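As stored in final-v1.txt (compact mmCIF, C-alpha atoms):
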# COMPACT_ATOMS: atom_id res chain seq x y z
CA MET N 203 -18.71 -6.19 4.19
CA ALA N 204 -17.99 -9.89 4.08
CA ILE N 205 -16.15 -12.01 1.56
CA LYS N 206 -17.64 -15.37 0.70
CA GLY N 207 -15.55 -18.48 1.00
CA SER N 208 -12.83 -19.21 3.52
CA VAL N 209 -12.16 -15.56 4.29
CA LEU N 210 -14.37 -13.20 6.28
CA MET N 211 -13.45 -9.54 6.18
CA ALA N 212 -15.22 -6.51 7.50
CA ALA N 213 -13.49 -3.68 5.71
CA VAL N 214 -13.80 0.04 6.06
CA ALA N 215 -11.76 2.79 4.44
CA LEU N 216 -10.91 5.43 6.96
CA ALA N 217 -8.71 8.45 7.42
CA ALA N 218 -6.36 7.55 10.24
CA SER N 219 -4.29 9.82 12.39
CA ALA N 220 -2.19 7.20 14.14
CA GLY N 221 1.43 6.61 13.19
CA VAL N 222 3.07 3.33 12.23
CA SER N 223 3.17 0.70 14.93
CA ALA N 224 6.51 -0.89 15.73
CA SER N 225 4.79 -4.30 15.58
CA SER N 226 3.94 -4.15 11.88
CA LEU N 227 3.77 -7.54 10.17
CA ILE N 228 4.69 -5.97 6.81
CA GLN N 229 8.38 -6.16 5.97
CA ASN N 230 9.99 -2.93 4.69
CA GLY N 231 6.70 -1.01 4.77
CA SER N 232 8.38 2.36 4.23
CA PHE N 233 10.52 0.99 1.38
CA GLU N 234 13.77 2.05 3.07
CA THR N 235 15.60 -1.21 2.33
CA ALA N 236 16.78 -2.24 -1.13
CA THR N 237 19.93 -3.68 -2.64
CA PHE N 238 20.81 -0.29 -4.15
CA ASP N 239 20.35 3.46 -3.69
CA PRO N 240 17.76 4.85 -6.16
CA GLY N 241 19.25 8.36 -6.12
CA GLY N 242 16.40 10.59 -7.32
CA PHE N 243 14.40 7.58 -8.49
CA ALA N 244 14.83 4.28 -10.32
CA THR N 245 12.32 2.38 -12.44
CA LEU N 246 11.79 -1.25 -11.36
CA SER N 247 10.06 -3.59 -13.81
CA ALA N 248 7.87 -6.58 -12.98
CA GLY N 249 9.96 -9.35 -11.45
CA ASP N 250 12.72 -7.05 -10.17
CA THR N 251 13.85 -8.39 -6.78
CA ARG N 252 15.87 -5.44 -5.48
CA LEU N 253 13.12 -3.97 -3.24
CA THR N 254 13.37 -6.01 -0.03
CA GLY N 255 10.21 -7.91 0.94
CA TRP N 256 8.09 -6.90 -2.06
CA THR N 257 7.11 -8.58 -5.32
CA ILE N 258 6.82 -6.13 -8.22
CA GLY N 259 4.16 -6.72 -10.87
CA GLY N 260 2.32 -4.94 -13.66
CA VAL N 261 4.44 -2.83 -16.01
CA SER N 262 6.77 -1.10 -13.52
CA ILE N 263 7.02 1.19 -10.51
CA ASP N 264 9.37 4.05 -9.70
CA TYR N 265 11.40 3.60 -6.53
CA ILE N 266 11.64 7.16 -5.20
CA GLY N 267 14.69 8.42 -3.34
CA THR N 268 15.31 12.17 -3.27
CA TYR N 269 12.88 13.04 -6.09
CA TRP N 270 10.07 14.03 -3.71
CA GLN N 271 9.21 14.21 -0.01
CA ALA N 272 8.52 10.79 1.49
CA SER N 273 5.79 10.29 4.06
CA ASP N 274 7.95 8.16 6.37
CA GLY N 275 11.73 7.91 6.16
CA ASP N 276 13.50 8.81 2.91
CA ARG N 277 11.90 6.60 0.27
CA SER N 278 8.51 5.88 -1.28
CA LEU N 279 6.98 4.52 -4.51
CA ASP N 280 5.33 5.95 -7.61
CA MET N 281 3.05 3.06 -8.50
CA SER N 282 3.14 3.92 -12.23
CA GLY N 283 6.69 3.69 -13.57
CA LEU N 284 6.51 3.41 -17.36
CA GLY N 285 2.91 2.23 -16.87
CA ALA N 286 0.66 0.84 -14.13
CA GLY N 287 2.59 -1.30 -11.66
CA SER N 288 1.95 -3.19 -8.45
CA VAL N 289 3.70 -4.36 -5.30
CA SER N 290 2.60 -7.27 -3.16
CA GLN N 291 3.64 -9.10 -0.02
CA MET N 292 2.44 -12.33 1.61
CA VAL N 293 1.96 -12.49 5.40
CA ALA N 294 0.82 -15.40 7.62
CA LEU N 295 -2.17 -14.36 9.75
CA THR N 296 -4.00 -15.89 12.71
CA ALA N 297 -7.64 -17.03 12.43
CA ASN N 298 -10.27 -14.86 14.14
CA GLN N 299 -7.76 -12.08 14.71
CA SER N 300 -8.65 -8.49 13.79
CA TYR N 301 -6.06 -6.54 11.76
CA LEU N 302 -5.54 -3.01 10.50
CA LEU N 303 -3.80 -2.50 7.16
CA SER N 304 -2.76 1.15 6.89
CA PHE N 305 -0.82 3.06 4.27
CA ASP N 306 -0.01 6.61 3.20
CA MET N 307 -1.08 7.78 -0.24
CA ALA N 308 -0.28 10.84 -2.35
CA GLY N 309 0.27 11.27 -6.09
CA ASN N 310 2.97 12.22 -8.56
CA PRO N 311 2.32 15.96 -9.07
CA ASP N 312 4.35 16.18 -12.31
CA ASN N 313 1.57 15.41 -14.80
CA ALA N 314 -1.95 14.08 -15.47
CA PRO N 315 -4.12 12.48 -14.38
CA VAL N 316 -4.79 14.98 -11.60
CA VAL N 317 -6.69 12.40 -9.54
CA LYS N 318 -4.59 9.27 -8.98
CA SER N 319 -6.22 5.88 -8.29
CA LEU N 320 -4.82 2.98 -6.26
CA GLU N 321 -6.41 -0.44 -5.76
CA VAL N 322 -5.69 -2.29 -2.52
CA LYS N 323 -6.41 -6.02 -2.54
CA ILE N 324 -6.38 -8.49 0.35
CA SER N 325 -6.62 -12.14 -0.65
CA ASN N 326 -6.19 -15.72 0.49
CA GLY N 327 -8.15 -17.47 -2.24
CA THR N 328 -10.99 -14.96 -2.00
CA ASP N 329 -10.34 -11.31 -2.78
CA PHE N 330 -11.42 -8.11 -1.14
CA ALA N 331 -10.47 -5.02 -3.18
CA GLN N 332 -11.04 -1.33 -2.61
CA THR N 333 -10.04 1.71 -4.68
CA PHE N 334 -8.57 4.84 -3.12
CA THR N 335 -8.05 8.17 -4.89
CA PHE N 336 -5.83 11.21 -4.32
CA ASP N 337 -6.24 14.67 -5.89
CA THR N 338 -2.84 16.24 -6.65
CA THR N 339 -4.25 19.75 -7.16
CA GLY N 340 -1.97 22.19 -5.31
CA GLN N 341 0.55 19.50 -4.30
CA THR N 342 4.28 19.74 -5.03
CA LYS N 343 7.28 17.43 -4.71
CA SER N 344 8.27 19.22 -1.49
CA ALA N 345 4.70 19.20 -0.10
CA MET N 346 3.07 15.98 -1.30
CA GLY N 347 0.01 16.15 0.98
CA TRP N 348 0.23 12.52 2.13
CA VAL N 349 -3.01 11.03 3.53
CA THR N 350 -3.24 7.92 5.73
CA TYR N 351 -5.89 5.31 4.90
CA GLY N 352 -6.76 2.05 6.58
CA ILE N 353 -8.70 -1.17 6.12
CA ASN N 354 -9.93 -3.12 9.15
CA PHE N 355 -10.59 -6.84 8.66
CA VAL N 356 -10.81 -10.15 10.51
CA ALA N 357 -8.80 -13.12 9.25
CA ALA N 358 -11.18 -16.06 9.07
CA SER N 359 -8.56 -18.74 8.61
CA PRO N 360 -4.94 -19.25 9.68
CA THR N 361 -3.20 -18.94 6.35
CA ASP N 362 -1.07 -16.71 4.16
CA TYR N 363 -2.75 -13.52 2.99
CA THR N 364 -1.44 -11.49 0.04
CA PHE N 365 -1.59 -7.71 0.20
CA THR N 366 -1.39 -6.05 -3.22
CA PHE N 367 -1.23 -2.35 -4.10
CA THR N 368 -1.91 -1.65 -7.80
CA SER N 369 -1.93 1.58 -9.76
CA LEU N 370 -5.05 2.10 -11.85
CA ASP N 371 -3.31 4.88 -13.81
CA SER N 372 -1.65 3.73 -17.04
CA GLU N 373 0.26 7.01 -17.45
CA PRO N 374 3.78 7.20 -15.94
CA TYR N 375 2.64 9.64 -13.22
CA GLY N 376 0.78 7.53 -10.71
CA PRO N 377 -0.34 7.23 -7.13
CA ALA N 378 2.41 7.46 -4.51
CA LEU N 379 2.65 4.88 -1.72
CA ASP N 380 4.55 4.87 1.59
CA ASN N 381 4.36 3.78 5.22
CA VAL N 382 2.52 0.45 4.75
CA SER N 383 1.73 -1.23 8.06
CA LEU N 384 -0.22 -4.31 9.16
CA THR N 385 -0.98 -4.66 12.86
CA ALA N 386 -3.11 -6.96 14.99
CA VAL N 387 -5.79 -5.00 16.86
CA PRO N 388 -8.29 -6.02 19.57
CA LEU N 389 -11.71 -7.07 18.31
CA PRO N 390 -14.43 -4.59 19.23
CA PRO N 391 -16.92 -6.02 21.79
CA ALA N 392 -19.72 -6.26 19.19
CA ALA N 393 -17.54 -8.42 16.91
CA ILE N 394 -16.86 -10.90 19.72
CA LEU N 395 -20.61 -11.59 20.01
CA PHE N 396 -20.61 -12.96 16.44
How does this structure look as structure tokens?
Amino acid sequence: MAIKGSVLMAAVALAASAGVSASSLIQNGSFETATFDPGGFATLSAGDTRLTGWTIGGVSIDYIGTYWQASDGDRSLDMSGLGAGSVSQMVALTANQSYLLSFDMAGNPDNAPVVKSLEVKISNGTDFAQTFTFDTTGQTKSAMGWVTYGINFVAASPTDYTFTFTSLDSEPYGPALDNVSLTAVPLPPAAILF
């Protein structure tokens, strides 16, 4: 898939089995760093600056501490706090470099909807967006069933790219997010021919 304009992205959703790379370009991708301890959880409204490295938008998110099992480390996010929320981060990328954006997704098992929906958007003036879903059937707070997803893309210009994760669930029981990573990866030989 390609995006028209100054950005060219070939994007594919995939189930990944690899762990987080130490060379991630995303700051605080496992949400371990904040200016406070959320305890079980704390609701952060749009504009709240206490979650290091991330801009919070939409209605709100829940910053999860001990409330449920994190995918990586001790903390994660419920992307629907009192309603659908978002988190975003801007990263400077290199032109013609291939990248992998990966993240772990689950869902708040406490209430409906059973299938949680999360939109992932990559933009630098032109947007690429993809929706991911997670079925919470049979999941519990101690066994969340985290799944790793990824998006491969090539940065077409040397500029700042914004990575945004947005809940598509307006109820306060949304998709769960953890372990966000952005790494540079070698271009496959076929891509070099282009």
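Distances from N:Ser290, N:Asn354, N:Thr338, N:Ser325 to N:Asn313 were compared using all atoms listed in the file, and the smallest one belongs to N:Thr338.
Proximity to N:Gln291 was assessed for N:Asp362, N:Asp371, N:Asp337, N:Asp329 counting all atoms listed in the file; the smallest distance is recorded for N:Asp362.
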**Request:** Name the residues in contact with N:Pro240 at a cut-off of 12 Å, using only C-alpha atoms, excluding same-chain residues fewer than 4 positions from it; report them as a list in words.
**Result:** Phe233, Glu234, Thr235, Ala236, Ala244, Thr245, Leu246, Arg252, Leu253, Asp264, Tyr265, Ile266, Gly267, Thr268, Tyr269, Asp276, Arg277, Ser278 and Leu279 of chain N
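The interatomic distance for the pair atom CA of N:Phe334 and atom CA of N:Leu384 works out to 17.4 Å.
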**Prompt:** From the set N:Asn298, N:Ser304, N:Ser359, N:Ser288, which residue has the shortest atom-to-atom contact distance to N:Pro377, counting only C-alpha atoms?
**Reply:** N:Ser288
**Fill in**
One residue among N:Asn230, N:Gln299, N:Ser262, N:Asn310 is nearest to N:Met346 when using all atoms listed in the file, and that residue is N:Asn310
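Ranking N:Phe365, N:Tyr351, N:Phe305, N:Tyr375 by their shortest atom-to-atom distance to N:Val293, with all atoms listed in the file included, puts N:Phe365 first.
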**Request:** Enter the distance from atom CA of N:Ala358 to atom CA of N:Asp306, in Å, rounded to one decimal.
**Result:** 25.9 Å
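The spacing separating atom CA of N:Leu370 from atom CA of N:Ser319 amounts to 5.3 Å.
Closest approach to N:Trp348 from the set N:Asp280, N:Asp380, N:Asp239, N:Asp312 is made by N:Asp380, with distances taken over only C-alpha atoms.
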Hey, can I get the axis-aligned box for stretch 360-363 of chain N? All listed atoms, 5 Å padding on each side, centre and edge lengths in Å to one decimal, as AutoDock Vina command-line options.
--center_x -3.0 --center_y -16.4 --center_z 6.3 --size_x 13.9 --size_y 15.7 --size_z 16.7
**Message:** I'd like the contact shell of N:Thr364 - 12 Å cut-off, all atoms listed in the file, skipping same-chain residues fewer than 4 positions apart - returned as a PyMOL selection string.
**Reply:** chain N and resi 228+256-257+289-295+303+322-331+357+384
**Message:** Excluding N:Thr342 and its own-chain neighbours fewer than 5 positions away, which residues fall within 10 Å of it when counting only C-alpha atoms? Please give them as a VMD selection string.
**Reply:** chain N and resid 270 to 271 309 to 312 347
For stretch 305-316 of chain N, where the input has fewer atoms than it should, I would like all heavy atoms rebuilt and written as a short mmCIF file (atom, residue, chain, number, x, y, z; two decimals), keeping the file's coordinate frame.
data_model
loop_
_atom_site.label_atom_id
_atom_site.label_comp_id
_atom_site.auth_asym_id
_atom_site.auth_seq_id
_atom_site.Cartn_x
_atom_site.Cartn_y
_atom_site.Cartn_z
N PHE N 305 -1.81 2.61 5.24
CA PHE N 305 -0.82 3.06 4.27
C PHE N 305 -1.02 4.55 4.03
O PHE N 305 -2.09 5.10 4.25
CB PHE N 305 -0.94 2.29 2.96
CG PHE N 305 -2.27 2.43 2.29
CD1 PHE N 305 -2.48 3.38 1.30
CD2 PHE N 305 -3.34 1.62 2.66
CE1 PHE N 305 -3.72 3.52 0.69
CE2 PHE N 305 -4.58 1.75 2.06
CZ PHE N 305 -4.77 2.71 1.07
N ASP N 306 0.05 5.20 3.56
CA ASP N 306 -0.01 6.61 3.20
C ASP N 306 -0.03 6.72 1.68
O ASP N 306 0.71 6.02 0.98
CB ASP N 306 1.19 7.36 3.76
CG ASP N 306 1.17 7.44 5.28
OD1 ASP N 306 0.14 7.10 5.88
OD2 ASP N 306 2.20 7.84 5.85
N MET N 307 -0.91 7.60 1.20
CA MET N 307 -1.08 7.78 -0.24
C MET N 307 -0.96 9.25 -0.60
O MET N 307 -1.43 10.13 0.12
CB MET N 307 -2.45 7.25 -0.69
CG MET N 307 -2.70 7.37 -2.17
SD MET N 307 -4.34 6.72 -2.61
CE MET N 307 -4.36 7.10 -4.36
N ALA N 308 -0.33 9.51 -1.73
CA ALA N 308 -0.28 10.84 -2.35
C ALA N 308 -0.29 10.57 -3.85
O ALA N 308 -0.78 9.52 -4.30
CB ALA N 308 0.95 11.62 -1.90
N GLY N 309 0.23 11.49 -4.65
CA GLY N 309 0.27 11.27 -6.09
C GLY N 309 1.39 12.05 -6.72
O GLY N 309 1.80 13.11 -6.22
N ASN N 310 1.92 11.52 -7.81
CA ASN N 310 2.97 12.22 -8.56
C ASN N 310 2.39 13.52 -9.10
O ASN N 310 1.48 13.50 -9.94
CB ASN N 310 3.47 11.33 -9.70
CG ASN N 310 4.66 11.91 -10.42
OD1 ASN N 310 4.82 13.13 -10.50
ND2 ASN N 310 5.50 11.05 -10.96
N PRO N 311 2.90 14.69 -8.65
CA PRO N 311 2.32 15.96 -9.07
C PRO N 311 2.83 16.46 -10.42
O PRO N 311 2.40 17.52 -10.88
CB PRO N 311 2.76 16.92 -7.95
CG PRO N 311 4.07 16.36 -7.49
CD PRO N 311 3.94 14.86 -7.64
N ASP N 312 3.70 15.70 -11.09
CA ASP N 312 4.35 16.18 -12.31
C ASP N 312 3.43 16.28 -13.52
O ASP N 312 3.69 17.08 -14.42
CB ASP N 312 5.55 15.30 -12.67
CG ASP N 312 6.74 15.57 -11.77
OD1 ASP N 312 6.74 16.59 -11.06
OD2 ASP N 312 7.68 14.74 -11.78
N ASN N 313 2.38 15.43 -13.59
CA ASN N 313 1.57 15.41 -14.80
C ASN N 313 0.26 14.67 -14.54
O ASN N 313 0.05 14.10 -13.48
CB ASN N 313 2.34 14.73 -15.95
CG ASN N 313 1.97 15.29 -17.31
OD1 ASN N 313 0.88 15.80 -17.51
ND2 ASN N 313 2.90 15.20 -18.25
N ALA N 314 -0.63 14.71 -15.56
CA ALA N 314 -1.95 14.08 -15.47
C ALA N 314 -1.81 12.56 -15.37
O ALA N 314 -0.78 12.01 -15.77
CB ALA N 314 -2.76 14.45 -16.71
N PRO N 315 -2.84 11.91 -14.81
CA PRO N 315 -4.12 12.48 -14.38
C PRO N 315 -3.97 13.23 -13.06
O PRO N 315 -3.10 12.91 -12.25
CB PRO N 315 -5.02 11.26 -14.21
CG PRO N 315 -4.07 10.16 -13.86
CD PRO N 315 -2.81 10.45 -14.62
N VAL N 316 -4.84 14.20 -12.84
CA VAL N 316 -4.79 14.98 -11.60
C VAL N 316 -5.21 14.12 -10.42
O VAL N 316 -4.60 14.17 -9.35
CB VAL N 316 -5.70 16.24 -11.72
CG1 VAL N 316 -5.81 16.96 -10.40
CG2 VAL N 316 -5.15 17.17 -12.79
#
